[in-house]
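Dumped data11.txt below, it's compact mmCIF, C-alpha atoms:
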```txt
# COMPACT_ATOMS: atom_id res chain seq x y z
CA MET A 1 122.77 -100.07 141.53
CA ASP A 2 123.55 -103.39 139.87
CA LYS A 3 126.92 -104.93 140.61
CA ILE A 4 129.22 -104.23 137.67
CA ASN A 5 130.78 -107.38 136.27
CA LYS A 6 134.58 -107.31 136.42
CA LYS A 7 134.98 -110.21 133.98
CA LEU A 8 136.19 -109.51 130.43
CA ASP A 9 133.37 -108.48 128.09
CA ILE A 10 133.61 -111.20 125.46
CA ARG A 11 131.98 -108.99 122.83
CA SER A 12 134.81 -106.45 123.12
CA LEU A 13 137.10 -109.02 121.48
CA SER A 14 137.76 -109.44 117.77
CA LEU A 15 137.59 -112.94 116.35
CA ASN A 16 141.40 -113.25 116.46
CA GLU A 17 141.53 -111.95 120.03
CA LEU A 18 138.90 -114.49 121.02
CA LYS A 19 140.93 -117.28 119.38
CA ASN A 20 143.98 -116.22 121.38
CA GLN A 21 141.98 -116.13 124.60
CA LEU A 22 140.63 -119.64 124.01
CA GLU A 23 144.08 -121.00 123.20
CA SER A 24 145.44 -119.49 126.42
CA LEU A 25 142.69 -121.39 128.27
CA GLY A 26 143.68 -124.66 126.57
CA GLU A 27 140.67 -124.68 124.26
CA LYS A 28 140.63 -125.29 120.50
CA SER A 29 140.82 -122.04 118.53
CA PHE A 30 138.11 -123.14 116.05
CA ARG A 31 135.60 -122.78 118.89
CA ALA A 32 136.03 -119.02 118.57
CA LYS A 33 134.12 -118.97 115.28
CA GLN A 34 131.25 -120.91 116.85
CA ILE A 35 131.10 -118.52 119.79
CA TYR A 36 131.34 -115.51 117.49
CA GLU A 37 128.39 -116.83 115.51
CA TRP A 38 126.32 -117.12 118.68
CA LEU A 39 127.26 -113.61 119.78
CA TRP A 40 126.85 -111.70 116.52
CA GLU A 41 124.72 -113.70 114.06
CA LYS A 42 122.31 -115.16 116.63
CA SER A 43 122.54 -112.24 119.09
CA CYS A 44 122.88 -114.65 121.99
CA THR A 45 123.42 -113.08 125.43
CA ASP A 46 123.53 -116.27 127.53
CA PHE A 47 126.43 -118.73 127.40
CA ASP A 48 124.09 -121.57 128.47
CA GLU A 49 122.17 -121.18 125.19
CA MET A 50 125.26 -121.91 123.07
CA SER A 51 124.08 -125.46 122.52
CA ASN A 52 126.84 -126.71 120.17
CA LEU A 53 129.50 -126.03 122.82
CA SER A 54 130.30 -128.58 125.49
CA LYS A 55 128.99 -127.93 128.99
CA SER A 56 132.56 -127.73 130.27
CA LEU A 57 133.45 -125.01 127.74
CA ARG A 58 130.30 -123.08 128.61
CA GLU A 59 131.33 -123.18 132.27
CA VAL A 60 134.80 -121.87 131.35
CA LEU A 61 133.22 -119.03 129.36
CA LYS A 62 130.96 -118.09 132.29
CA GLU A 63 133.92 -118.09 134.65
CA LYS A 64 136.20 -115.94 132.47
CA PHE A 65 133.87 -113.71 130.43
CA CYS A 66 130.66 -111.74 130.63
CA ILE A 67 128.09 -110.52 128.11
CA ASN A 68 127.02 -107.01 129.08
CA ALA A 69 123.60 -107.26 127.51
CA VAL A 70 121.36 -104.21 127.17
CA LYS A 71 117.85 -104.57 128.58
CA ILE A 72 114.65 -102.65 127.95
CA ASN A 73 113.83 -100.77 131.16
CA THR A 74 110.57 -99.19 129.97
CA SER A 75 108.74 -98.67 126.65
CA GLN A 76 106.16 -96.09 125.60
CA LEU A 77 103.80 -96.29 122.63
CA SER A 78 102.91 -93.12 120.75
CA GLU A 79 99.59 -92.35 119.06
CA ASP A 80 101.42 -92.66 115.72
CA ARG A 81 102.77 -96.14 116.66
CA THR A 82 106.29 -94.90 117.42
CA ILE A 83 107.84 -96.80 120.35
CA LYS A 84 110.35 -95.14 122.68
CA ASN A 85 112.56 -97.33 124.85
CA ALA A 86 114.62 -96.57 127.90
CA PHE A 87 117.50 -99.04 127.70
CA LYS A 88 119.32 -100.07 130.87
CA LEU A 89 123.06 -100.67 130.44
CA TYR A 90 125.17 -103.07 132.52
CA ASP A 91 126.31 -100.25 134.83
CA SER A 92 122.70 -99.05 135.34
CA ASN A 93 123.07 -96.02 133.06
CA ILE A 94 120.01 -95.33 130.92
CA ILE A 95 119.89 -94.39 127.24
CA GLU A 96 116.96 -94.06 124.87
CA GLY A 97 116.23 -95.58 121.48
CA VAL A 98 113.20 -95.33 119.22
CA LEU A 99 111.35 -97.53 116.72
CA ILE A 100 109.82 -95.34 113.99
CA PRO A 101 107.33 -97.26 111.83
CA THR A 102 105.97 -95.87 108.56
CA THR A 103 104.25 -97.57 105.64
CA GLU A 104 107.56 -97.77 103.73
CA ARG A 105 110.12 -98.20 106.50
CA MET A 106 110.91 -99.56 109.94
CA THR A 107 113.63 -97.34 111.37
CA ALA A 108 115.65 -97.76 114.56
CA CYS A 109 117.03 -94.57 116.09
CA VAL A 110 119.91 -95.51 118.39
CA SER A 111 122.06 -93.66 120.94
CA SER A 112 125.86 -93.51 120.91
CA GLN A 113 126.54 -91.74 124.23
CA VAL A 114 125.01 -91.59 127.70
CA GLY A 115 124.09 -87.91 127.59
CA CYS A 116 125.97 -85.45 125.37
CA SER A 117 128.74 -82.88 125.71
CA LEU A 118 127.81 -80.55 122.84
CA SER A 119 125.10 -78.39 124.49
CA CYS A 120 123.07 -77.60 121.38
CA LYS A 121 120.54 -75.07 122.65
CA PHE A 122 117.44 -76.61 121.06
CA CYS A 123 118.10 -80.27 121.99
CA ALA A 124 117.01 -81.89 125.26
CA THR A 125 119.97 -84.30 125.28
CA GLY A 126 122.31 -81.30 125.07
CA TYR A 127 121.14 -80.23 128.53
CA MET A 128 122.31 -83.54 130.04
CA ASP A 129 125.84 -84.29 131.18
CA ARG A 130 127.80 -86.79 129.10
CA LYS A 131 128.49 -89.73 131.42
CA ARG A 132 130.24 -92.09 129.01
CA ASN A 133 130.39 -93.46 125.50
CA VAL A 134 128.14 -96.37 124.58
CA ASN A 135 130.12 -99.51 123.72
CA ALA A 136 129.86 -101.11 120.27
CA ASP A 137 128.00 -104.15 121.61
CA GLU A 138 125.54 -101.86 123.41
CA ILE A 139 124.76 -100.06 120.14
CA TYR A 140 124.37 -103.44 118.44
CA ASP A 141 121.99 -104.57 121.22
CA GLN A 142 119.77 -101.52 120.69
CA VAL A 143 119.36 -102.54 117.04
CA VAL A 144 118.59 -106.16 117.97
CA LEU A 145 116.01 -105.18 120.60
CA ILE A 146 114.30 -102.60 118.36
CA ASN A 147 114.23 -105.10 115.49
CA ARG A 148 112.46 -107.61 117.75
CA GLN A 149 109.95 -104.90 118.64
CA ALA A 150 109.32 -104.20 114.96
CA GLU A 151 108.70 -107.87 114.21
CA GLU A 152 106.56 -108.46 117.30
CA ASN A 153 104.43 -105.31 116.97
CA TYR A 154 104.32 -104.70 113.22
CA LYS A 155 105.35 -108.03 111.68
CA LYS A 156 108.17 -106.35 109.76
CA PRO A 157 111.95 -106.30 110.31
CA LEU A 158 114.00 -103.13 110.47
CA THR A 159 114.79 -101.52 107.13
CA ASN A 160 116.88 -98.58 108.36
CA ILE A 161 119.11 -97.54 111.26
CA VAL A 162 119.89 -93.95 112.19
CA TYR A 163 122.51 -92.88 114.71
CA MET A 164 120.42 -89.88 115.72
CA GLY A 165 119.63 -90.67 119.35
CA MET A 166 121.48 -89.41 122.40
CA GLY A 167 125.07 -88.24 121.93
CA GLU A 168 127.45 -87.21 119.15
CA PRO A 169 128.44 -90.34 117.18
CA LEU A 170 131.73 -88.91 115.89
CA LEU A 171 132.92 -88.33 119.47
CA ASN A 172 132.52 -92.09 119.98
CA TYR A 173 134.13 -92.91 116.66
CA SER A 174 135.69 -96.34 117.24
CA ASN A 175 132.62 -97.82 118.97
CA VAL A 176 130.27 -96.43 116.32
CA LEU A 177 132.34 -97.88 113.48
CA ARG A 178 132.77 -101.23 115.21
CA SER A 179 129.02 -101.42 115.86
CA ILE A 180 128.35 -100.74 112.18
CA ASP A 181 130.85 -103.45 111.26
CA ARG A 182 128.94 -105.99 113.39
CA ILE A 183 125.57 -104.78 112.11
CA THR A 184 126.58 -104.94 108.43
CA ALA A 185 128.92 -107.96 108.45
CA PRO A 186 127.81 -111.26 106.88
CA ASP A 187 128.78 -112.89 110.20
CA GLY A 188 126.76 -110.22 112.04
CA LEU A 189 123.28 -108.87 111.34
CA ASN A 190 124.02 -108.51 107.60
CA ILE A 191 122.17 -105.20 107.17
CA ALA A 192 123.31 -103.19 104.15
CA SER A 193 125.49 -100.13 104.81
CA ARG A 194 123.24 -97.98 102.60
CA ARG A 195 120.47 -98.55 105.17
CA ILE A 196 122.49 -96.85 107.93
CA THR A 197 122.84 -93.10 108.53
CA VAL A 198 125.19 -91.48 111.04
CA SER A 199 124.21 -87.95 112.03
CA THR A 200 126.77 -85.46 113.33
CA ALA A 201 126.60 -81.93 114.72
CA GLY A 202 129.77 -81.32 112.71
CA ILE A 203 133.24 -82.39 113.88
CA ALA A 204 135.39 -81.45 110.88
CA LYS A 205 138.45 -83.62 111.60
CA MET A 206 136.25 -86.69 112.23
CA ILE A 207 134.33 -86.11 108.99
CA LYS A 208 137.72 -86.24 107.25
CA LYS A 209 138.49 -89.46 109.13
CA LEU A 210 135.27 -90.96 107.77
CA GLY A 211 136.66 -90.15 104.33
CA ASP A 212 140.02 -91.74 105.13
CA ASP A 213 138.19 -94.86 106.32
CA GLU A 214 136.12 -94.83 103.10
CA VAL A 215 132.91 -95.60 104.95
CA ARG A 216 129.93 -96.88 102.99
CA PHE A 217 127.11 -95.76 105.27
CA ASN A 218 125.29 -92.42 104.88
CA LEU A 219 126.37 -89.20 106.57
CA ALA A 220 123.95 -86.52 107.78
CA LEU A 221 125.03 -83.12 109.09
CA SER A 222 122.80 -81.27 111.57
CA LEU A 223 123.22 -77.83 110.03
CA HIS A 224 120.26 -75.68 111.16
CA ALA A 225 121.94 -72.44 110.06
CA ALA A 226 124.24 -71.63 107.16
CA ASN A 227 125.97 -68.64 108.65
CA ASP A 228 128.44 -68.82 111.51
CA LYS A 229 126.88 -66.17 113.73
CA LYS A 230 123.52 -67.93 113.90
CA ARG A 231 125.02 -71.41 114.10
CA ASN A 232 127.32 -70.36 116.95
CA LYS A 233 124.28 -69.19 118.89
CA ILE A 234 122.44 -72.52 118.79
CA MET A 235 125.37 -74.94 118.34
CA PRO A 236 128.50 -73.97 120.32
CA ILE A 237 130.46 -76.72 118.51
CA ASN A 238 130.46 -74.39 115.47
CA GLU A 239 132.92 -72.05 117.18
CA GLN A 240 135.66 -74.68 116.72
CA ASN A 241 134.13 -76.20 113.57
CA THR A 242 133.13 -73.25 111.39
CA LEU A 243 131.10 -73.62 108.24
CA GLU A 244 134.27 -73.06 106.22
CA ALA A 245 136.01 -75.90 108.07
CA LEU A 246 132.96 -78.15 107.65
CA ALA A 247 132.76 -77.38 103.92
CA GLU A 248 136.43 -78.33 103.51
CA ALA A 249 135.90 -81.56 105.48
CA LEU A 250 132.80 -82.47 103.47
CA LYS A 251 134.62 -81.94 100.17
CA TYR A 252 137.41 -84.22 101.40
CA TYR A 253 134.86 -86.81 102.59
CA TYR A 254 133.02 -86.77 99.26
CA ALA A 255 136.25 -87.03 97.26
CA LYS A 256 137.17 -90.16 99.25
CA THR A 257 133.77 -91.87 99.40
CA ASN A 258 131.66 -90.47 96.55
CA ASN A 259 128.77 -90.47 99.06
CA PRO A 260 126.28 -87.56 98.90
CA VAL A 261 125.53 -85.83 102.21
CA THR A 262 122.21 -85.06 103.90
CA TYR A 263 121.77 -81.70 105.63
CA GLU A 264 119.27 -81.58 108.46
CA TYR A 265 117.72 -78.16 108.94
CA ILE A 266 115.17 -77.14 111.56
CA VAL A 267 113.35 -73.95 110.55
CA PHE A 268 112.95 -72.03 113.81
CA ASN A 269 110.39 -69.23 114.05
CA ASP A 270 111.99 -65.77 113.65
CA PHE A 271 115.51 -67.18 113.72
CA ASN A 272 116.50 -68.95 110.49
CA ASP A 273 113.23 -68.94 108.53
CA GLU A 274 113.69 -66.11 106.02
CA LEU A 275 114.48 -66.49 102.32
CA SER A 276 117.88 -64.93 103.07
CA ASP A 277 118.54 -67.95 105.32
CA ALA A 278 117.38 -70.27 102.52
CA ALA A 279 119.78 -68.51 100.13
CA GLU A 280 122.68 -69.08 102.55
CA LEU A 281 121.71 -72.74 102.82
CA ALA A 282 121.51 -73.06 99.03
CA ALA A 283 125.02 -71.59 98.75
CA PHE A 284 126.34 -74.12 101.30
CA CYS A 285 124.70 -76.94 99.33
CA LYS A 286 127.00 -76.20 96.38
CA HIS A 287 130.04 -77.68 98.14
CA VAL A 288 129.10 -81.36 97.65
CA PRO A 289 126.18 -83.35 96.17
CA CYS A 290 123.49 -83.35 98.83
CA LYS A 291 119.87 -83.30 99.83
CA VAL A 292 118.12 -81.25 102.54
CA ASN A 293 115.73 -82.63 105.14
CA ILE A 294 113.71 -79.84 106.73
CA ILE A 295 112.77 -81.13 110.15
CA GLU A 296 109.83 -80.09 112.27
CA TYR A 297 111.00 -78.61 115.56
CA ASN A 298 109.87 -80.34 118.73
CA PRO A 299 109.80 -77.82 121.58
CA ILE A 300 111.48 -78.71 124.87
CA SER A 301 111.05 -77.20 128.33
CA PHE A 302 114.69 -76.04 128.48
CA ALA A 303 114.47 -73.75 125.45
CA SER A 304 112.15 -71.06 124.03
CA TYR A 305 112.49 -71.93 120.33
CA THR A 306 109.32 -72.66 118.36
CA ASN A 307 108.59 -74.09 114.93
CA ALA A 308 108.21 -71.74 112.00
CA ASN A 309 104.79 -71.33 110.42
CA VAL A 310 103.86 -74.22 108.12
CA ASP A 311 103.35 -71.93 105.12
CA LYS A 312 106.70 -70.27 105.72
CA VAL A 313 108.42 -73.65 105.89
CA GLU A 314 106.91 -74.60 102.54
CA VAL A 315 108.05 -71.33 100.95
CA PHE A 316 111.53 -71.99 102.36
CA ALA A 317 111.54 -75.54 100.95
CA GLU A 318 110.23 -74.42 97.55
CA PHE A 319 113.01 -71.82 97.30
CA LEU A 320 115.58 -74.61 97.69
CA ARG A 321 113.81 -76.85 95.19
CA LYS A 322 113.85 -74.08 92.60
CA LYS A 323 117.62 -73.94 93.10
CA GLY A 324 117.76 -77.61 92.09
CA ILE A 325 118.29 -78.94 95.61
CA ASN A 326 116.44 -82.13 96.57
CA THR A 327 114.47 -80.94 99.59
CA TYR A 328 112.07 -82.85 101.81
CA VAL A 329 109.91 -81.62 104.68
CA ARG A 330 109.88 -84.30 107.40
CA LYS A 331 107.07 -84.64 109.92
CA SER A 332 108.00 -85.53 113.48
CA ARG A 333 107.07 -88.88 114.97
CA GLY A 334 106.46 -89.72 118.61
CA LYS A 335 106.08 -86.13 119.85
CA ASP A 336 103.45 -87.09 122.43
CA ILE A 337 105.94 -89.36 124.24
CA ASP A 338 109.01 -87.11 123.83
CA ALA A 339 110.46 -89.53 121.29
CA ALA A 340 110.88 -87.07 118.43
CA CYS A 341 114.07 -85.47 117.12
CA GLY A 342 115.78 -83.43 119.85
CA GLN A 343 113.50 -84.65 122.64
CA LEU A 344 115.47 -87.60 124.00
CA ALA A 345 116.51 -86.97 127.60
CA VAL A 346 116.44 -89.47 130.43
CA LYS A 347 113.99 -88.44 133.14
CA GLU A 348 113.65 -91.73 134.96
CA LYS A 349 115.94 -93.60 137.30
CA ALA A 350 117.22 -97.09 136.64
```
Could you write out this file's structure as structure tokens?
Amino acid sequence: MDKINKKLDIRSLSLNELKNQLESLGEKSFRAKQIYEWLWEKSCTDFDEMSNLSKSLREVLKEKFCINAVKINTSQLSEDRTIKNAFKLYDSNIIEGVLIPTTERMTACVSSQVGCSLSCKFCATGYMDRKRNVNADEIYDQVVLINRQAEENYKKPLTNIVYMGMGEPLLNYSNVLRSIDRITAPDGLNIASRRITVSTAGIAKMIKKLGDDEVRFNLALSLHAANDKKRNKIMPINEQNTLEALAEALKYYYAKTNNPVTYEYIVFNDFNDELSDAAELAAFCKHVPCKVNIIEYNPISFASYTNANVDKVEVFAEFLRKKGINTYVRKSRGKDIDAACGQLAVKEKA
């Protein structure tokens, strides 16, 4: 295992905190803005590359601080051009992130936790232990590294970012929001908030907090069943966050942000694929303006669920459309390398 650096992670500091640190070291506070620009606009992970700083200041920075940069451990290329990465963190933990290229978009799917604590029965990550939250700078690094991949492999920059990788983003709330701040800020990567989607399994009180914070990014709810009995069976988190509680939280969120919500719905064979299930989903859609993404299921070895018949999925989707609900059937990407939705689970060692 790599030796963990005990120095202060410089990217954990706000600009004002960095100014205070520099002043305490006898350095000019205006240097903080220069350093911040290197860290967040230029995505620099080596103090020696900060060429407009004096050599003596760079030596001070190396002595007092560290940059816990994320590295690509391995990458796999799918038949459909999707690229899955195993990212190695500073403490040798591994997370996964995916580049999903289509003709219209270049999307980065990033992870917010090492493992997950929610135990959703159809998701490979849910069968892993949660080891720790991913820091804001580590989320930021995933975006930077996947963007470089997009430009190197497909000559296009990222257009979209989805927090749909390993972990539950709303259980790592402060790091997720700080990462989005650095990704969207003019003195960061300057990517528009509307290009970012955070997906949650449904933590009602944290959805309300998103409303209180008046976030500008998009919110997606992994719903997968619109009655409590079925949702409890596949998503134990629903026992403490019932559909009634989620509906109340979503109404509060929408009232505060005016942002429509996306519902993600996997149509499982012989579980939630009947028109009665579609009718329950349509009723839930009345709570706030929304759209529905019907997602192809990607089987995993831990679970026995299978995808519903293609024709049945289309009938399900058409039922929702006739109810006036914007509904899209999404095809999976990267299935052959276990990079698709619900398949991320670390198998390798660092």
- [ ] May I ask which of the residues A:Arg81, A:Lys291, A:Lys71, A:Arg194 is the closest one to A:Ala220, counting only C-alpha atoms?
- [x] A:Lys291
Task: Which of A:Ala249, A:Leu320, A:Ala108, A:Ala32 sits closest to A:Tyr140 [using all atoms listed in the file] - done: A:Ala108
Which residues of stretch 114-169 of chain A come within 12 Å of stretch 236-243 of chain A, and what is each one's closest atom pair and distance in Å (one decimal), counting all atoms listed in the file, sorted by chain and residue number, as JSON lines?
```
{"residue": "A:Cys116", "atom": "CA", "partner": "A:Ile237", "partner_atom": "CA", "distance": 12.0}
{"residue": "A:Ser117", "atom": "CA", "partner": "A:Ile237", "partner_atom": "CA", "distance": 9.6}
{"residue": "A:Leu118", "atom": "CA", "partner": "A:Ile237", "partner_atom": "CA", "distance": 6.4}
{"residue": "A:Ser119", "atom": "CA", "partner": "A:Pro236", "partner_atom": "CA", "distance": 7.0}
{"residue": "A:Cys120", "atom": "CA", "partner": "A:Pro236", "partner_atom": "CA", "distance": 6.6}
{"residue": "A:Lys121", "atom": "CA", "partner": "A:Pro236", "partner_atom": "CA", "distance": 8.4}
{"residue": "A:Phe122", "atom": "CA", "partner": "A:Pro236", "partner_atom": "CA", "distance": 11.4}
{"residue": "A:Gly126", "atom": "CA", "partner": "A:Pro236", "partner_atom": "CA", "distance": 10.7}
{"residue": "A:Glu168", "atom": "CA", "partner": "A:Ile237", "partner_atom": "CA", "distance": 10.9}
```
Task: Counting only C-alpha atoms, the option among A:Asp277, A:Val288, A:Lys205, A:Ser56 closest to A:Lys229 - done: A:Asp277
Task: One-decimal distance in Å that lies between atom CA of A:Asn269 and atom CA of A:Asn307 - done: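 Distance reported for this atom pair: 5.3 Å.
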Task: Two-atom distance - atom CA of A:Leu223, atom CA of A:Val198 (Å) - done: 13.8 Å
Open item on the list: Can you pull out the residues contacting A:Leu177? Cut-off 10 Å, using only C-alpha atoms, and skip same-chain residues under 4 positions away; I want them as a list in words.
Closed with: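 Neighbouring residues, sequence-local ones excluded: Ala136, Pro169, Leu170, Asn172, Tyr173, Asp181, Arg182, Ile183, Val198, Leu210, Asp213, Val215 and Phe217 of chain A.
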- [ ] May I ask for the distance between atom CA of A:Lys33 and atom CA of A:Ser179, given in Å to one decimal place?
- [x]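 Atom CA of A:Lys33 sits 18.3 Å away from atom CA of A:Ser179.
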Using all atoms listed in the file, what does the table of stretch 112-220 of chain A residues within 7 Å of stretch 250-257 of chain A look like, with each row giving the shortest atom pair and its distance in Å to one decimal, sorted by chain and ascending number, as a tab-separated table?
```
residue	atom	partner	partner_atom	distance
A:Ile207	CA	A:Tyr253	CA	6.5
A:Lys208	CA	A:Tyr253	CA	5.5
A:Leu210	CA	A:Tyr253	CA	6.7
A:Gly211	CA	A:Tyr253	CA	4.2
A:Asp212	CA	A:Lys256	CA	6.7
A:Glu214	CA	A:Thr257	CA	5.3
A:Val215	CA	A:Thr257	CA	6.7
```
As a PDB file, in the frame of the given file, the rebuilt stretch 95-119 of chain A with N, CA and C atoms:
```pdb
ATOM      1  N   ILE A  95     119.915 -95.107 128.514  1.00  0.00           N
ATOM      2  CA  ILE A  95     119.890 -94.390 127.240  1.00  0.00           C
ATOM      3  C   ILE A  95     118.536 -94.636 126.586  1.00  0.00           C
ATOM      4  N   GLU A  96     118.234 -93.873 125.552  1.00  0.00           N
ATOM      5  CA  GLU A  96     116.960 -94.060 124.870  1.00  0.00           C
ATOM      6  C   GLU A  96     117.159 -94.412 123.405  1.00  0.00           C
ATOM      7  N   GLY A  97     116.237 -95.201 122.897  1.00  0.00           N
ATOM      8  CA  GLY A  97     116.230 -95.580 121.480  1.00  0.00           C
ATOM      9  C   GLY A  97     114.791 -95.682 121.022  1.00  0.00           C
ATOM     10  N   VAL A  98     114.572 -95.477 119.726  1.00  0.00           N
ATOM     11  CA  VAL A  98     113.200 -95.330 119.220  1.00  0.00           C
ATOM     12  C   VAL A  98     112.991 -96.213 117.985  1.00  0.00           C
ATOM     13  N   LEU A  99     111.821 -96.847 117.931  1.00  0.00           N
ATOM     14  CA  LEU A  99     111.350 -97.530 116.720  1.00  0.00           C
ATOM     15  C   LEU A  99     110.371 -96.598 116.023  1.00  0.00           C
ATOM     16  N   ILE A 100     110.667 -96.257 114.766  1.00  0.00           N
ATOM     17  CA  ILE A 100     109.820 -95.340 113.990  1.00  0.00           C
ATOM     18  C   ILE A 100     109.222 -96.113 112.818  1.00  0.00           C
ATOM     19  N   PRO A 101     107.957 -96.505 112.922  1.00  0.00           N
ATOM     20  CA  PRO A 101     107.330 -97.260 111.830  1.00  0.00           C
ATOM     21  C   PRO A 101     106.592 -96.334 110.860  1.00  0.00           C
ATOM     22  N   THR A 102     106.795 -96.532 109.582  1.00  0.00           N
ATOM     23  CA  THR A 102     105.970 -95.870 108.560  1.00  0.00           C
ATOM     24  C   THR A 102     105.522 -96.944 107.577  1.00  0.00           C
ATOM     25  N   THR A 103     104.729 -96.558 106.601  1.00  0.00           N
ATOM     26  CA  THR A 103     104.250 -97.570 105.640  1.00  0.00           C
ATOM     27  C   THR A 103     105.406 -98.138 104.819  1.00  0.00           C
ATOM     28  N   GLU A 104     106.440 -97.305 104.571  1.00  0.00           N
ATOM     29  CA  GLU A 104     107.560 -97.770 103.730  1.00  0.00           C
ATOM     30  C   GLU A 104     108.728 -98.327 104.525  1.00  0.00           C
ATOM     31  N   ARG A 105     108.889 -97.886 105.773  1.00  0.00           N
ATOM     32  CA  ARG A 105     110.120 -98.200 106.500  1.00  0.00           C
ATOM     33  C   ARG A 105     109.846 -98.585 107.954  1.00  0.00           C
ATOM     34  N   MET A 106     110.817 -99.337 108.498  1.00  0.00           N
ATOM     35  CA  MET A 106     110.910 -99.560 109.940  1.00  0.00           C
ATOM     36  C   MET A 106     112.300 -99.071 110.343  1.00  0.00           C
ATOM     37  N   THR A 107     112.349 -97.979 111.066  1.00  0.00           N
ATOM     38  CA  THR A 107     113.630 -97.340 111.370  1.00  0.00           C
ATOM     39  C   THR A 107     113.929 -97.412 112.860  1.00  0.00           C
ATOM     40  N   ALA A 108     115.156 -97.806 113.182  1.00  0.00           N
ATOM     41  CA  ALA A 108     115.650 -97.760 114.560  1.00  0.00           C
ATOM     42  C   ALA A 108     116.510 -96.525 114.727  1.00  0.00           C
ATOM     43  N   CYS A 109     116.201 -95.715 115.725  1.00  0.00           N
ATOM     44  CA  CYS A 109     117.030 -94.570 116.090  1.00  0.00           C
ATOM     45  C   CYS A 109     117.788 -94.945 117.356  1.00  0.00           C
ATOM     46  N   VAL A 110     119.113 -95.003 117.286  1.00  0.00           N
ATOM     47  CA  VAL A 110     119.910 -95.510 118.390  1.00  0.00           C
ATOM     48  C   VAL A 110     120.811 -94.416 118.974  1.00  0.00           C
ATOM     49  N   SER A 111     121.214 -94.610 120.230  1.00  0.00           N
ATOM     50  CA  SER A 111     122.060 -93.660 120.940  1.00  0.00           C
ATOM     51  C   SER A 111     123.502 -94.145 120.966  1.00  0.00           C
ATOM     52  N   SER A 112     124.437 -93.183 120.922  1.00  0.00           N
ATOM     53  CA  SER A 112     125.860 -93.510 120.910  1.00  0.00           C
ATOM     54  C   SER A 112     126.595 -93.020 122.161  1.00  0.00           C
ATOM     55  N   GLN A 113     125.939 -92.200 122.986  1.00  0.00           N
ATOM     56  CA  GLN A 113     126.540 -91.740 124.230  1.00  0.00           C
ATOM     57  C   GLN A 113     125.468 -91.675 125.319  1.00  0.00           C
ATOM     58  N   VAL A 114     125.897 -91.826 126.565  1.00  0.00           N
ATOM     59  CA  VAL A 114     125.010 -91.590 127.700  1.00  0.00           C
ATOM     60  C   VAL A 114     125.082 -90.085 127.975  1.00  0.00           C
ATOM     61  N   GLY A 115     124.046 -89.358 127.540  1.00  0.00           N
ATOM     62  CA  GLY A 115     124.090 -87.910 127.590  1.00  0.00           C
ATOM     63  C   GLY A 115     124.834 -87.352 126.386  1.00  0.00           C
ATOM     64  N   CYS A 116     125.267 -86.090 126.481  1.00  0.00           N
ATOM     65  CA  CYS A 116     125.970 -85.450 125.370  1.00  0.00           C
ATOM     66  C   CYS A 116     126.758 -84.262 125.916  1.00  0.00           C
ATOM     67  N   SER A 117     127.867 -83.972 125.249  1.00  0.00           N
ATOM     68  CA  SER A 117     128.740 -82.880 125.710  1.00  0.00           C
ATOM     69  C   SER A 117     128.631 -81.621 124.833  1.00  0.00           C
ATOM     70  N   LEU A 118     127.773 -81.635 123.822  1.00  0.00           N
ATOM     71  CA  LEU A 118     127.810 -80.550 122.840  1.00  0.00           C
ATOM     72  C   LEU A 118     126.913 -79.359 123.165  1.00  0.00           C
ATOM     73  N   SER A 119     125.915 -79.516 124.003  1.00  0.00           N
ATOM     74  CA  SER A 119     125.100 -78.390 124.490  1.00  0.00           C
ATOM     75  C   SER A 119     124.394 -77.604 123.399  1.00  0.00           C
TER      76      SER A 119
END
```
